[in-house]
file final25.pdb (PDB, C-alpha atoms)
ATOM      1  CA  MET Y   1      44.918 -26.917 -27.070
ATOM      2  CA  LYS Y   2      44.922 -27.699 -23.341
ATOM      3  CA  LYS Y   3      46.601 -24.369 -22.565
ATOM      4  CA  LEU Y   4      43.932 -22.567 -24.547
ATOM      5  CA  LEU Y   5      41.175 -24.411 -22.714
ATOM      6  CA  ILE Y   6      42.614 -23.654 -19.299
ATOM      7  CA  ALA Y   7      43.201 -20.043 -20.267
ATOM      8  CA  SER Y   8      39.673 -19.561 -21.520
ATOM      9  CA  LEU Y   9      38.244 -21.279 -18.442
ATOM     10  CA  LEU Y  10      40.263 -18.977 -16.197
ATOM     11  CA  LEU Y  11      39.187 -15.943 -18.188
ATOM     12  CA  SER Y  12      35.527 -16.846 -18.039
ATOM     13  CA  THR Y  13      35.763 -17.291 -14.269
ATOM     14  CA  LEU Y  14      37.415 -13.886 -13.891
ATOM     15  CA  ALA Y  15      34.860 -12.212 -16.150
ATOM     16  CA  GLN Y  16      31.973 -13.224 -13.911
ATOM     17  CA  ALA Y  17      31.260 -12.284 -10.348
ATOM     18  CA  ASP Y  18      31.269 -15.247  -7.964
ATOM     19  CA  VAL Y  19      27.533 -15.511  -8.209
ATOM     20  CA  GLU Y  20      25.458 -18.632  -8.632
ATOM     21  CA  ILE Y  21      21.778 -18.319  -9.391
ATOM     22  CA  SER Y  22      19.386 -21.176  -8.777
ATOM     23  CA  ASP Y  23      15.674 -21.942  -8.670
ATOM     24  CA  ALA Y  24      14.910 -18.974 -10.893
ATOM     25  CA  ARG Y  25      11.328 -18.733 -12.119
ATOM     26  CA  VAL Y  26       9.015 -16.136 -13.601
ATOM     27  CA  ARG Y  27       5.466 -16.223 -12.311
ATOM     28  CA  ALA Y  28       2.750 -17.204 -14.758
ATOM     29  CA  VAL Y  29       0.009 -14.615 -14.654
ATOM     30  CA  PRO Y  30      -3.570 -14.428 -15.895
ATOM     31  CA  PRO Y  31      -3.906 -13.403 -19.538
ATOM     32  CA  GLY Y  32      -4.092  -9.655 -19.963
ATOM     33  CA  GLN Y  33      -1.859  -8.866 -17.006
ATOM     34  CA  LYS Y  34       0.985  -6.559 -17.869
ATOM     35  CA  MET Y  35       3.211  -7.212 -14.905
ATOM     36  CA  THR Y  36       4.829 -10.137 -13.219
ATOM     37  CA  GLY Y  37       7.751 -11.013 -11.023
ATOM     38  CA  ALA Y  38      10.690 -13.373 -10.967
ATOM     39  CA  PHE Y  39      12.121 -15.085  -7.920
ATOM     40  CA  MET Y  40      15.422 -16.915  -7.400
ATOM     41  CA  GLU Y  41      18.226 -17.807  -5.022
ATOM     42  CA  ILE Y  42      21.413 -15.818  -5.519
ATOM     43  CA  LYS Y  43      24.507 -17.294  -3.930
ATOM     44  CA  ASN Y  44      27.431 -14.898  -3.660
ATOM     45  CA  SER Y  45      30.708 -16.658  -2.931
ATOM     46  CA  GLY Y  46      32.756 -13.506  -3.290
ATOM     47  CA  ALA Y  47      32.923 -10.069  -1.716
ATOM     48  CA  ASP Y  48      29.908  -7.823  -1.075
ATOM     49  CA  LEU Y  49      28.108  -7.173  -4.324
ATOM     50  CA  GLN Y  50      24.870  -5.726  -5.609
ATOM     51  CA  VAL Y  51      22.466  -6.424  -8.424
ATOM     52  CA  VAL Y  52      22.130  -2.929  -9.862
ATOM     53  CA  SER Y  53      19.798  -3.545 -12.769
ATOM     54  CA  ALA Y  54      18.120  -6.192 -14.868
ATOM     55  CA  GLU Y  55      17.092  -6.499 -18.515
ATOM     56  CA  SER Y  56      14.750  -8.683 -20.481
ATOM     57  CA  SER Y  57      13.175  -8.688 -23.883
ATOM     58  CA  ILE Y  58       9.765  -9.750 -22.561
ATOM     59  CA  SER Y  59       8.784  -6.445 -20.996
ATOM     60  CA  LYS Y  60       9.244  -2.746 -21.606
ATOM     61  CA  VAL Y  61      10.847  -2.199 -18.246
ATOM     62  CA  VAL Y  62      12.554  -4.422 -15.685
ATOM     63  CA  GLU Y  63      12.974  -3.141 -12.146
ATOM     64  CA  LEU Y  64      14.142  -4.421  -8.787
ATOM     65  CA  HIS Y  65      11.476  -4.412  -6.083
ATOM     66  CA  THR Y  66      10.886  -5.431  -2.535
ATOM     67  CA  HIS Y  67       7.990  -5.618  -0.096
ATOM     68  CA  ILE Y  68       8.035  -3.803   3.208
ATOM     69  CA  LYS Y  69       5.746  -5.314   5.815
ATOM     70  CA  ASP Y  70       4.404  -2.471   7.914
ATOM     71  CA  GLY Y  71       2.210  -4.123  10.530
ATOM     72  CA  GLU Y  72      -0.571  -5.732   8.528
ATOM     73  CA  VAL Y  73       0.111  -3.710   5.395
ATOM     74  CA  MET Y  74       2.333  -4.827   2.530
ATOM     75  CA  ARG Y  75       4.062  -2.007   0.689
ATOM     76  CA  MET Y  76       5.782  -2.786  -2.598
ATOM     77  CA  ARG Y  77       8.606  -0.450  -3.529
ATOM     78  CA  LYS Y  78      11.153  -0.096  -6.303
ATOM     79  CA  ILE Y  79      14.712  -0.335  -5.000
ATOM     80  CA  PRO Y  80      17.905   0.862  -6.704
ATOM     81  CA  ALA Y  81      19.811  -2.355  -6.021
ATOM     82  CA  ILE Y  82      19.639  -5.740  -4.348
ATOM     83  CA  ASP Y  83      22.424  -6.301  -1.826
ATOM     84  CA  LEU Y  84      24.250  -9.590  -2.080
ATOM     85  CA  SER Y  85      26.303  -9.956   1.097
ATOM     86  CA  ALA Y  86      29.650 -11.652   0.847
ATOM     87  CA  ASN Y  87      29.582 -15.419   1.162
ATOM     88  CA  SER Y  88      25.846 -15.715   1.575
ATOM     89  CA  THR Y  89      22.655 -16.465  -0.323
ATOM     90  CA  THR Y  90      20.057 -13.803  -0.999
ATOM     91  CA  HIS Y  91      16.519 -15.065  -1.457
ATOM     92  CA  LEU Y  92      14.216 -13.411  -3.954
ATOM     93  CA  LYS Y  93      10.902 -14.880  -2.843
ATOM     94  CA  PRO Y  94       7.177 -14.092  -2.666
ATOM     95  CA  GLY Y  95       6.460 -11.353  -0.178
ATOM     96  CA  GLY Y  96      10.011 -10.054  -0.406
ATOM     97  CA  LEU Y  97      12.607  -9.160  -3.015
ATOM     98  CA  HIS Y  98      11.816  -9.785  -6.651
ATOM     99  CA  VAL Y  99      12.645  -8.765 -10.187
ATOM    100  CA  MET Y 100       9.653  -6.949 -11.597
ATOM    101  CA  PHE Y 101       8.660  -7.059 -15.261
ATOM    102  CA  ILE Y 102       6.506  -4.074 -16.170
ATOM    103  CA  GLY Y 103       4.673  -3.838 -19.452
ATOM    104  CA  LEU Y 104       4.735  -7.415 -20.699
ATOM    105  CA  LYS Y 105       4.931  -7.374 -24.469
ATOM    106  CA  GLU Y 106       3.105 -10.657 -24.892
ATOM    107  CA  PRO Y 107       1.255 -13.211 -22.776
ATOM    108  CA  LEU Y 108       3.505 -15.764 -21.115
ATOM    109  CA  THR Y 109       3.028 -19.502 -21.398
ATOM    110  CA  ILE Y 110       3.981 -22.110 -18.824
ATOM    111  CA  ASP Y 111       7.555 -23.411 -19.288
ATOM    112  CA  GLN Y 112       8.375 -20.625 -21.732
ATOM    113  CA  LYS Y 113      12.041 -19.591 -21.279
ATOM    114  CA  ILE Y 114      12.522 -15.916 -20.543
ATOM    115  CA  ASP Y 115      15.814 -14.133 -21.128
ATOM    116  CA  LEU Y 116      16.917 -12.200 -18.063
ATOM    117  CA  LYS Y 117      20.232 -10.410 -17.645
ATOM    118  CA  LEU Y 118      21.327  -9.319 -14.182
ATOM    119  CA  ASN Y 119      23.915  -6.538 -13.977
ATOM    120  CA  PHE Y 120      26.182  -6.395 -10.932
ATOM    121  CA  SER Y 121      27.915  -3.538  -9.171
ATOM    122  CA  ASP Y 122      31.356  -4.752 -10.238
ATOM    123  CA  GLY Y 123      30.478  -4.307 -13.867
ATOM    124  CA  SER Y 124      29.903  -7.975 -14.556
ATOM    125  CA  SER Y 125      26.605  -9.524 -15.521
ATOM    126  CA  GLN Y 126      24.911 -12.854 -15.891
ATOM    127  CA  ALA Y 127      22.537 -13.873 -18.629
ATOM    128  CA  LEU Y 128      19.882 -16.328 -17.535
ATOM    129  CA  GLU Y 129      17.132 -18.346 -19.123
ATOM    130  CA  VAL Y 130      14.286 -18.367 -16.643
ATOM    131  CA  PRO Y 131      11.257 -20.646 -17.032
ATOM    132  CA  VAL Y 132       7.699 -19.419 -16.544
ATOM    133  CA  LYS Y 133       6.061 -21.423 -13.773
ATOM    134  CA  MET Y 134       2.635 -21.575 -12.144
ATOM    135  CA  ILE Y 135       2.601 -20.210  -8.638
ATOM    136  CA  GLN Y 136       3.476 -22.936  -6.157
ATOM    137  CA  LYS Y 137       1.415 -23.756  -3.110
ATOM    138  CA  PRO Y 138       2.114 -20.975  -0.597
ATOM    139  CA  GLY Y 139       3.740 -22.136   2.603
ATOM    140  CA  MET Y 140       5.579 -24.911   0.793
ATOM    141  CA  MET Y 141       8.600 -22.722   0.110
ATOM    142  CA  LYS Y 142      11.821 -23.690   1.836
ATOM    143  CA  HIS Y 143      12.082 -20.237   3.327
ATOM    144  CA  ASP Y 144       8.684 -19.123   4.588
ATOM    145  CA  MET Y 145       7.677 -15.598   5.386
ATOM    146  CA  LYS Y 146       7.042 -15.444   9.088
ATOM    147  CA  HIS Y 147       4.198 -13.298  10.441
TER     148      HIS Y 147
ATOM    149  CA  MET I   1     -31.457  45.931   9.840
ATOM    150  CA  ILE I   2     -28.388  45.280  11.997
ATOM    151  CA  THR I   3     -30.512  44.404  14.989
ATOM    152  CA  ARG I   4     -32.497  41.828  12.947
ATOM    153  CA  THR I   5     -29.303  40.188  11.677
ATOM    154  CA  LYS I   6     -27.939  40.069  15.203
ATOM    155  CA  THR I   7     -31.150  38.496  16.431
ATOM    156  CA  LEU I   8     -31.138  35.901  13.651
ATOM    157  CA  LEU I   9     -27.529  35.099  14.401
ATOM    158  CA  ALA I  10     -28.284  34.742  18.078
ATOM    159  CA  ILE I  11     -31.199  32.393  17.365
ATOM    160  CA  GLY I  12     -29.044  30.407  14.975
ATOM    161  CA  MET I  13     -26.323  30.065  17.613
ATOM    162  CA  LEU I  14     -28.857  29.016  20.187
ATOM    163  CA  ILE I  15     -30.251  26.297  17.919
ATOM    164  CA  LEU I  16     -26.733  25.112  17.184
ATOM    165  CA  VAL I  17     -25.847  24.965  20.854
ATOM    166  CA  MET I  18     -29.057  23.090  21.609
ATOM    167  CA  LEU I  19     -28.335  20.598  18.850
ATOM    168  CA  VAL I  20     -24.822  19.975  20.094
ATOM    169  CA  VAL I  21     -25.904  19.627  23.700
ATOM    170  CA  GLY I  22     -28.762  17.378  22.650
ATOM    171  CA  THR I  23     -26.427  15.155  20.659
ATOM    172  CA  ILE I  24     -24.060  14.830  23.552
ATOM    173  CA  LEU I  25     -26.797  14.113  26.039
ATOM    174  CA  PHE I  26     -28.846  11.719  23.969
ATOM    175  CA  LYS I  27     -26.219   9.949  21.868
ATOM    176  CA  PRO I  28     -25.667   6.438  23.182
ATOM    177  CA  ASN I  29     -22.259   6.265  24.812
ATOM    178  CA  ASN I  30     -20.508   3.601  22.784
ATOM    179  CA  SER I  31     -16.978   4.777  23.311
ATOM    180  CA  PHE I  32     -16.193   1.630  25.291
ATOM    181  CA  GLN I  33     -17.844  -0.835  22.948
ATOM    182  CA  PRO I  34     -15.672  -2.787  20.502
ATOM    183  CA  VAL I  35     -16.116  -1.759  16.877
ATOM    184  CA  GLN I  36     -18.476  -4.129  15.083
ATOM    185  CA  LEU I  37     -16.802  -5.327  11.942
ATOM    186  CA  GLY I  38     -18.544  -6.756   8.937
ATOM    187  CA  GLY I  39     -21.818  -6.087   7.253
ATOM    188  CA  GLU I  40     -23.305  -5.583   3.816
ATOM    189  CA  PHE I  41     -21.103  -4.464   0.961
ATOM    190  CA  HIS I  42     -21.845  -3.672  -2.682
ATOM    191  CA  GLY I  43     -20.114  -3.510  -6.003
ATOM    192  CA  ASN I  44     -20.209  -4.839  -9.540
ATOM    193  CA  SER I  45     -19.021  -7.877 -11.385
ATOM    194  CA  ILE I  46     -19.270  -8.622 -15.081
ATOM    195  CA  ASP I  47     -22.640 -10.221 -14.339
ATOM    196  CA  GLY I  48     -24.075  -7.099 -12.755
ATOM    197  CA  ALA I  49     -24.556  -5.582  -9.338
ATOM    198  CA  VAL I  50     -23.222  -7.574  -6.404
ATOM    199  CA  SER I  51     -24.145  -7.437  -2.737
ATOM    200  CA  LEU I  52     -22.989  -9.599   0.148
ATOM    201  CA  SER I  53     -26.623 -10.468   0.836
ATOM    202  CA  ASP I  54     -26.743 -12.181  -2.591
ATOM    203  CA  PHE I  55     -24.705 -14.950  -1.009
ATOM    204  CA  LYS I  56     -26.803 -15.736   2.063
ATOM    205  CA  GLY I  57     -26.541 -19.441   2.707
ATOM    206  CA  LYS I  58     -22.915 -19.588   1.561
ATOM    207  CA  LEU I  59     -19.639 -19.124   3.354
ATOM    208  CA  VAL I  60     -18.074 -16.060   1.767
ATOM    209  CA  LEU I  61     -14.307 -15.686   1.498
ATOM    210  CA  LEU I  62     -13.552 -12.042   0.798
ATOM    211  CA  TYR I  63     -10.198 -10.766  -0.391
ATOM    212  CA  PHE I  64      -9.308  -7.174  -1.248
ATOM    213  CA  GLY I  65      -6.587  -6.613  -3.830
ATOM    214  CA  TYR I  66      -5.848  -5.365  -7.319
ATOM    215  CA  THR I  67      -4.827  -7.227 -10.483
ATOM    216  CA  SER I  68      -1.599  -5.286 -11.077
ATOM    217  CA  CYS I  69      -0.343  -6.688  -7.801
ATOM    218  CA  PRO I  70       2.467  -9.020  -8.911
ATOM    219  CA  ASP I  71       3.013 -10.976  -5.761
ATOM    220  CA  ILE I  72       0.705 -10.781  -2.757
ATOM    221  CA  CYS I  73      -2.658 -10.997  -4.530
ATOM    222  CA  PRO I  74      -1.673 -13.900  -6.794
ATOM    223  CA  THR I  75      -0.255 -15.662  -3.738
ATOM    224  CA  SER I  76      -3.523 -15.151  -1.859
ATOM    225  CA  LEU I  77      -5.722 -16.389  -4.681
ATOM    226  CA  THR I  78      -3.358 -19.322  -5.170
ATOM    227  CA  SER I  79      -3.824 -20.153  -1.484
ATOM    228  CA  MET I  80      -7.545 -20.252  -2.126
ATOM    229  CA  LYS I  81      -6.988 -22.455  -5.184
ATOM    230  CA  PHE I  82      -4.975 -24.998  -3.200
ATOM    231  CA  ALA I  83      -7.450 -24.892  -0.328
ATOM    232  CA  PHE I  84     -10.344 -25.570  -2.735
ATOM    233  CA  ASN I  85      -8.443 -28.557  -4.156
ATOM    234  CA  GLU I  86      -8.793 -30.170  -0.728
ATOM    235  CA  LEU I  87     -12.558 -29.710  -0.477
ATOM    236  CA  LYS I  88     -15.285 -32.068  -1.645
ATOM    237  CA  SER I  89     -17.712 -30.925  -4.311
ATOM    238  CA  ASP I  90     -20.597 -30.527  -1.860
ATOM    239  CA  GLN I  91     -18.380 -28.299   0.283
ATOM    240  CA  LEU I  92     -17.320 -26.255  -2.754
ATOM    241  CA  ALA I  93     -20.986 -25.656  -3.517
ATOM    242  CA  GLN I  94     -21.314 -23.963  -0.132
ATOM    243  CA  ILE I  95     -18.548 -21.385  -0.498
ATOM    244  CA  GLN I  96     -18.329 -18.112  -2.393
ATOM    245  CA  PRO I  97     -14.836 -16.687  -2.763
ATOM    246  CA  ILE I  98     -14.704 -13.052  -3.834
ATOM    247  CA  PHE I  99     -11.826 -10.966  -5.172
ATOM    248  CA  TYR I 100     -12.755  -7.326  -4.583
ATOM    249  CA  SER I 101     -10.504  -4.969  -6.489
ATOM    250  CA  VAL I 102      -9.709  -1.629  -4.908
ATOM    251  CA  ASP I 103      -8.322  -0.404  -8.247
ATOM    252  CA  PRO I 104     -11.332   0.160 -10.569
ATOM    253  CA  ASP I 105      -9.288   2.627 -12.668
ATOM    254  CA  ARG I 106      -7.091  -0.188 -13.939
ATOM    255  CA  ASP I 107      -9.293  -3.250 -13.350
ATOM    256  CA  SER I 108     -12.188  -3.642 -15.747
ATOM    257  CA  LEU I 109     -14.986  -6.058 -14.889
ATOM    258  CA  GLU I 110     -14.002  -8.344 -17.771
ATOM    259  CA  GLN I 111     -10.378  -8.405 -16.706
ATOM    260  CA  LEU I 112     -11.450  -9.095 -13.133
ATOM    261  CA  GLN I 113     -13.343 -12.170 -14.243
ATOM    262  CA  VAL I 114     -10.435 -13.420 -16.374
ATOM    263  CA  TYR I 115      -8.027 -12.750 -13.528
ATOM    264  CA  SER I 116     -10.115 -14.452 -10.854
ATOM    265  CA  HIS I 117     -10.899 -17.489 -12.980
ATOM    266  CA  PHE I 118      -7.205 -17.987 -13.696
ATOM    267  CA  PHE I 119      -6.894 -19.093 -10.077
ATOM    268  CA  SER I 120     -10.279 -20.747  -9.617
ATOM    269  CA  PRO I 121     -13.550 -20.664 -11.535
ATOM    270  CA  LEU I 122     -15.280 -20.248  -8.185
ATOM    271  CA  ILE I 123     -13.820 -16.833  -7.494
ATOM    272  CA  LEU I 124     -16.047 -13.879  -8.277
ATOM    273  CA  GLY I 125     -14.064 -10.858  -9.457
ATOM    274  CA  MET I 126     -15.662  -7.560  -8.583
ATOM    275  CA  THR I 127     -15.001  -3.908  -7.918
ATOM    276  CA  GLY I 128     -17.079  -0.864  -7.035
ATOM    277  CA  SER I 129     -17.245   2.896  -6.874
ATOM    278  CA  ARG I 130     -14.677   4.543  -4.645
ATOM    279  CA  HIS I 131     -17.396   5.003  -2.038
ATOM    280  CA  GLN I 132     -18.464   1.344  -2.162
ATOM    281  CA  ILE I 133     -14.856   0.193  -1.955
ATOM    282  CA  ASP I 134     -14.033   2.470   0.952
ATOM    283  CA  SER I 135     -17.150   1.388   2.855
ATOM    284  CA  ALA I 136     -16.330  -2.271   2.434
ATOM    285  CA  ILE I 137     -12.693  -1.715   3.367
ATOM    286  CA  GLN I 138     -13.639   0.181   6.490
ATOM    287  CA  GLN I 139     -16.319  -2.297   7.520
ATOM    288  CA  TYR I 140     -13.913  -5.196   7.420
ATOM    289  CA  GLY I 141     -11.032  -3.420   9.077
ATOM    290  CA  ALA I 142      -8.966  -3.660   5.905
ATOM    291  CA  TYR I 143      -6.612  -1.051   4.513
ATOM    292  CA  TYR I 144      -5.437   0.173   1.161
ATOM    293  CA  ARG I 145      -3.676   3.214  -0.167
ATOM    294  CA  MET I 146      -2.744   4.297  -3.682
ATOM    295  CA  VAL I 147       0.868   5.398  -3.672
ATOM    296  CA  GLU I 148       2.371   7.373  -6.526
ATOM    297  CA  GLN I 149       5.621   5.818  -7.730
ATOM    298  CA  PRO I 150       7.351   8.527  -9.759
ATOM    299  CA  ASP I 151      10.573   6.521  -9.975
ATOM    300  CA  SER I 152       8.880   3.378 -11.221
ATOM    301  CA  ALA I 153       7.295   2.465 -14.533
ATOM    302  CA  MET I 154       4.418   1.108 -12.475
ATOM    303  CA  GLY I 155       3.043   4.621 -12.051
ATOM    304  CA  TYR I 156       1.351   3.843  -8.799
ATOM    305  CA  THR I 157       1.209   0.870  -6.518
ATOM    306  CA  VAL I 158      -1.365  -0.042  -3.912
ATOM    307  CA  ASP I 159      -0.299  -0.681  -0.350
ATOM    308  CA  HIS I 160      -2.806  -3.006   1.232
ATOM    309  CA  SER I 161      -3.535  -5.304   4.103
ATOM    310  CA  SER I 162      -3.678  -8.888   3.006
ATOM    311  CA  LYS I 163      -6.103 -11.166   4.772
ATOM    312  CA  ILE I 164      -8.956 -13.411   3.752
ATOM    313  CA  TYR I 165     -12.187 -12.309   5.459
ATOM    314  CA  LEU I 166     -14.620 -15.062   6.366
ATOM    315  CA  ILE I 167     -18.341 -14.261   6.384
ATOM    316  CA  ASP I 168     -20.837 -16.899   7.451
ATOM    317  CA  GLN I 169     -24.015 -18.094   5.792
ATOM    318  CA  GLN I 170     -26.051 -15.431   7.579
ATOM    319  CA  GLY I 171     -23.749 -12.618   6.480
ATOM    320  CA  GLU I 172     -21.973 -12.307   9.822
ATOM    321  CA  PHE I 173     -18.259 -11.603   9.897
ATOM    322  CA  LEU I 174     -16.371 -14.507  11.443
ATOM    323  CA  GLY I 175     -12.786 -13.339  11.334
ATOM    324  CA  THR I 176      -9.744 -13.485   9.124
ATOM    325  CA  VAL I 177      -7.357 -16.111   7.821
ATOM    326  CA  SER I 178      -3.813 -15.615   6.627
ATOM    327  CA  HIS I 179      -3.459 -15.034   2.893
ATOM    328  CA  ASN I 180      -0.655 -17.511   2.331
ATOM    329  CA  ASN I 181      -1.592 -20.562   4.357
ATOM    330  CA  PRO I 182      -3.872 -22.838   2.357
ATOM    331  CA  ASN I 183      -3.770 -25.560   5.038
ATOM    332  CA  GLN I 184      -5.113 -23.155   7.653
ATOM    333  CA  LEU I 185      -7.728 -21.905   5.203
ATOM    334  CA  VAL I 186      -9.051 -25.343   4.338
ATOM    335  CA  GLU I 187      -9.238 -26.308   8.016
ATOM    336  CA  LYS I 188     -11.193 -23.146   8.781
ATOM    337  CA  ILE I 189     -13.589 -23.755   5.896
ATOM    338  CA  ARG I 190     -14.168 -27.359   6.955
ATOM    339  CA  SER I 191     -14.841 -26.412  10.577
ATOM    340  CA  ILE I 192     -17.397 -23.779   9.554
ATOM    341  CA  LEU I 193     -19.172 -26.032   7.070
ATOM    342  CA  GLN I 194     -19.416 -28.846   9.682
TER     343      GLN I 194
END

call {"tool": "encode", "arguments": {"input": "final25.pdb", "output": "structure tokens"}}
result
Amino acid sequence: MKKLLIASLLLSTLAQADVEISDARVRAVPPGQKMTGAFMEIKNSGADLQVVSAESSISKVVELHTHIKDGEVMRMRKIPAIDLSANSTTHLKPGGLHVMFIGLKEPLTIDQKIDLKLNFSDGSSQALEVPVKMIQKPGMMKHDMKH
Amino acid sequence: MITRTKTLLAIGMLILVMLVVGTILFKPNNSFQPVQLGGEFHGNSIDGAVSLSDFKGKLVLLYFGYTSCPDICPTSLTSMKFAFNELKSDQLAQIQPIFYSVDPDRDSLEQLQVYSHFFSPLILGMTGSRHQIDSAIQQYGAYYRMVEQPDSAMGYTVDHSSKIYLIDQQGEFLGTVSHNNPNQLVEKIRSILQ
């Protein structure tokens, strides 16, 4: 029994990339809005990796986006992948990288758990349950956007 | 026939030249004056036509955005929400926050009201004709641009500057405040309403 446990533990570790996701949340949006974003901290304890796609049942399409600050202008753009450098944490936060849900199939309620699957460049993936949260007070984030 | 045409042309040219010279000579030389920002703007909300002058006597907080904006606009209106939480009711009665959508194709007046009120019941959601929007944008030194996104299900996104424009009780432009600093915003509001 022990051998089986250890074996299955080992296997599950190997099956996943060395990625730990924390503080994940989907933004609550006004009723009628068809798009929203999710933010999170992605800690990569392994080699260089990328998030290459994302899936969820709550919207028609899920894309990876970022914001480019061009002087005073914010430009939001779809990106093919999110780079997760080796042994570092990548921050998906307001004003920067985010997972974008396009074409919400139904209105979201606060604390509702959203299924989100992140697919990585090494073929592995992680299935998450992300809560819907009201937008926090800007400027209170641990990692602020500097002007 | 040819002579008459030539004569008419010559007269026309002369008038044109005179006009140009006259404009150059008599136009006030304001090339060294700073551009005056601010002024009247117009549009529509679900309650009807809106003009800045409707809010004389109130401190107007103007923000340009669009409701399909997933990040920056909600952050900005949330900043306003948290700033308003710090104000007393008599101060709240003296302010008029406005969310001016630059995306009338996607943002209906009803949706603009629902959207704005999600953040604060004080915020007036409005939009305008392309001409009204562009005038307001230009007057306040703001910027926006529709950008086609063929590789994204979004269709198009809107690049835009993101600042809160403060307009005093007489309709004069006071300056801007950062869109994601509610502490700075509430301090500014308090100092103006002194």

call {"tool": "resolve_selection", "arguments": {"input": "final25.pdb", "expression": "the PyMOL selection byres ((chain I and resi 173) around 10)", "output": "ChimeraX atom specification"}}
result
/I:36-40,60,139-140,165-172,174-176

call {"tool": "closest_atom_pairs", "arguments": {"input": "final25.pdb", "of": "chain Y", "to": "chain I", "cutoff": "8 Å", "atoms": "only C-alpha atoms", "output": "JSON lines"}}
result
{"residue": "Y:Pro30", "atom": "CA", "partner": "I:Tyr115", "partner_atom": "CA", "distance": 5.3}
{"residue": "Y:Pro31", "atom": "CA", "partner": "I:Val114", "partner_atom": "CA", "distance": 7.3}
{"residue": "Y:Gly32", "atom": "CA", "partner": "I:Gln111", "partner_atom": "CA", "distance": 7.2}
{"residue": "Y:Gln33", "atom": "CA", "partner": "I:Ser68", "partner_atom": "CA", "distance": 6.9}
{"residue": "Y:Lys34", "atom": "CA", "partner": "I:Ser68", "partner_atom": "CA", "distance": 7.4}
{"residue": "Y:Met35", "atom": "CA", "partner": "I:Pro70", "partner_atom": "CA", "distance": 6.3}
{"residue": "Y:Thr36", "atom": "CA", "partner": "I:Pro70", "partner_atom": "CA", "distance": 5.0}
{"residue": "Y:Gly37", "atom": "CA", "partner": "I:Pro70", "partner_atom": "CA", "distance": 6.0}
{"residue": "Y:Val61", "atom": "CA", "partner": "I:Ala153", "partner_atom": "CA", "distance": 6.9}
{"residue": "Y:Glu63", "atom": "CA", "partner": "I:Ser152", "partner_atom": "CA", "distance": 7.8}
{"residue": "Y:Glu72", "atom": "CA", "partner": "I:Ser161", "partner_atom": "CA", "distance": 5.3}
{"residue": "Y:Val73", "atom": "CA", "partner": "I:Ser161", "partner_atom": "CA", "distance": 4.2}
{"residue": "Y:Met74", "atom": "CA", "partner": "I:His160", "partner_atom": "CA", "distance": 5.6}
{"residue": "Y:Arg75", "atom": "CA", "partner": "I:Asp159", "partner_atom": "CA", "distance": 4.7}
{"residue": "Y:Met76", "atom": "CA", "partner": "I:Asp159", "partner_atom": "CA", "distance": 6.8}
{"residue": "Y:Lys78", "atom": "CA", "partner": "I:Ser152", "partner_atom": "CA", "distance": 6.4}
{"residue": "Y:Pro94", "atom": "CA", "partner": "I:Asp71", "partner_atom": "CA", "distance": 6.1}
{"residue": "Y:Gly95", "atom": "CA", "partner": "I:Ile72", "partner_atom": "CA", "distance": 6.3}
{"residue": "Y:Met100", "atom": "CA", "partner": "I:Pro70", "partner_atom": "CA", "distance": 7.9}
{"residue": "Y:Ile102", "atom": "CA", "partner": "I:Met154", "partner_atom": "CA", "distance": 6.7}
{"residue": "Y:Ile135", "atom": "CA", "partner": "I:Thr78", "partner_atom": "CA", "distance": 7.0}
{"residue": "Y:Gln136", "atom": "CA", "partner": "I:Thr78", "partner_atom": "CA", "distance": 7.8}
{"residue": "Y:Lys137", "atom": "CA", "partner": "I:Phe82", "partner_atom": "CA", "distance": 6.5}
{"residue": "Y:Pro138", "atom": "CA", "partner": "I:Asn180", "partner_atom": "CA", "distance": 5.3}
{"residue": "Y:Gly139", "atom": "CA", "partner": "I:Asn181", "partner_atom": "CA", "distance": 5.8}

call {"tool": "axis_aligned_box", "arguments": {"input": "final25.pdb", "around": "segment 79-87 of chain I", "padding_each_side": "4 Å", "output": "JSON"}}
result
{"center_x": -8.2, "center_y": -25.2, "center_z": -2.8, "size_x": 16.7, "size_y": 18.0, "size_z": 12.9}

call {"tool": "residues_near_point", "arguments": {"input": "final25.pdb", "point": "(19.0, -10.0, -4.0)", "cutoff": "7 Å", "atoms": "all atoms listed in the file", "output": "PyMOL selection string"}}
result
chain Y and resi 42+51+82-84+90-92+97

call {"tool": "resolve_selection", "arguments": {"input": "final25.pdb", "expression": "the PyMOL selection byres ((chain Y and resi 89) around 12)", "output": "NGL selection string"}}
result
:Y and (18-22 or 40-46 or 48-49 or 82-88 or 90-92 or 143)

call {"tool": "atom_distance", "arguments": {"input": "final25.pdb", "atom1": "atom CA of Leu104 of chain Y", "atom2": "atom CA of Ser59 of chain Y"}}
result
4.2 Å

call {"tool": "resolve_selection", "arguments": {"input": "final25.pdb", "expression": "the PyMOL selection byres ((chain Y and resi 110) around 8)", "output": "list in words"}}
result
Ala28, Leu108, Thr109, Asp111, Gln112, Pro131, Val132, Lys133 and Met134 of chain Y

call {"tool": "residues_near_point", "arguments": {"input": "final25.pdb", "point": "(-7.9, -0.3, -11.6)", "cutoff": "9 Å", "atoms": "only C-alpha atoms", "output": "count of residues only"}}
result
12

call {"tool": "closest_residue", "arguments": {"input": "final25.pdb", "among": "Y:His65, Y:His98, Y:Val52, Y:Ala38", "to": "Glu129 of chain Y", "atoms": "all atoms listed in the file"}}
result
Y:Ala38

call {"tool": "atom_distance", "arguments": {"input": "final25.pdb", "atom1": "atom CA of Leu118 of chain Y", "atom2": "atom CA of Lys60 of chain Y"}}
result
15.6 Å

call {"tool": "residues_around", "arguments": {"input": "final25.pdb", "residues": "Arg77 of chain Y", "least_positions_apart": "5", "cutoff": "8 Å", "atoms": "all atoms listed in the file", "output": "ChimeraX atom specification"}}
result
/Y:65-68
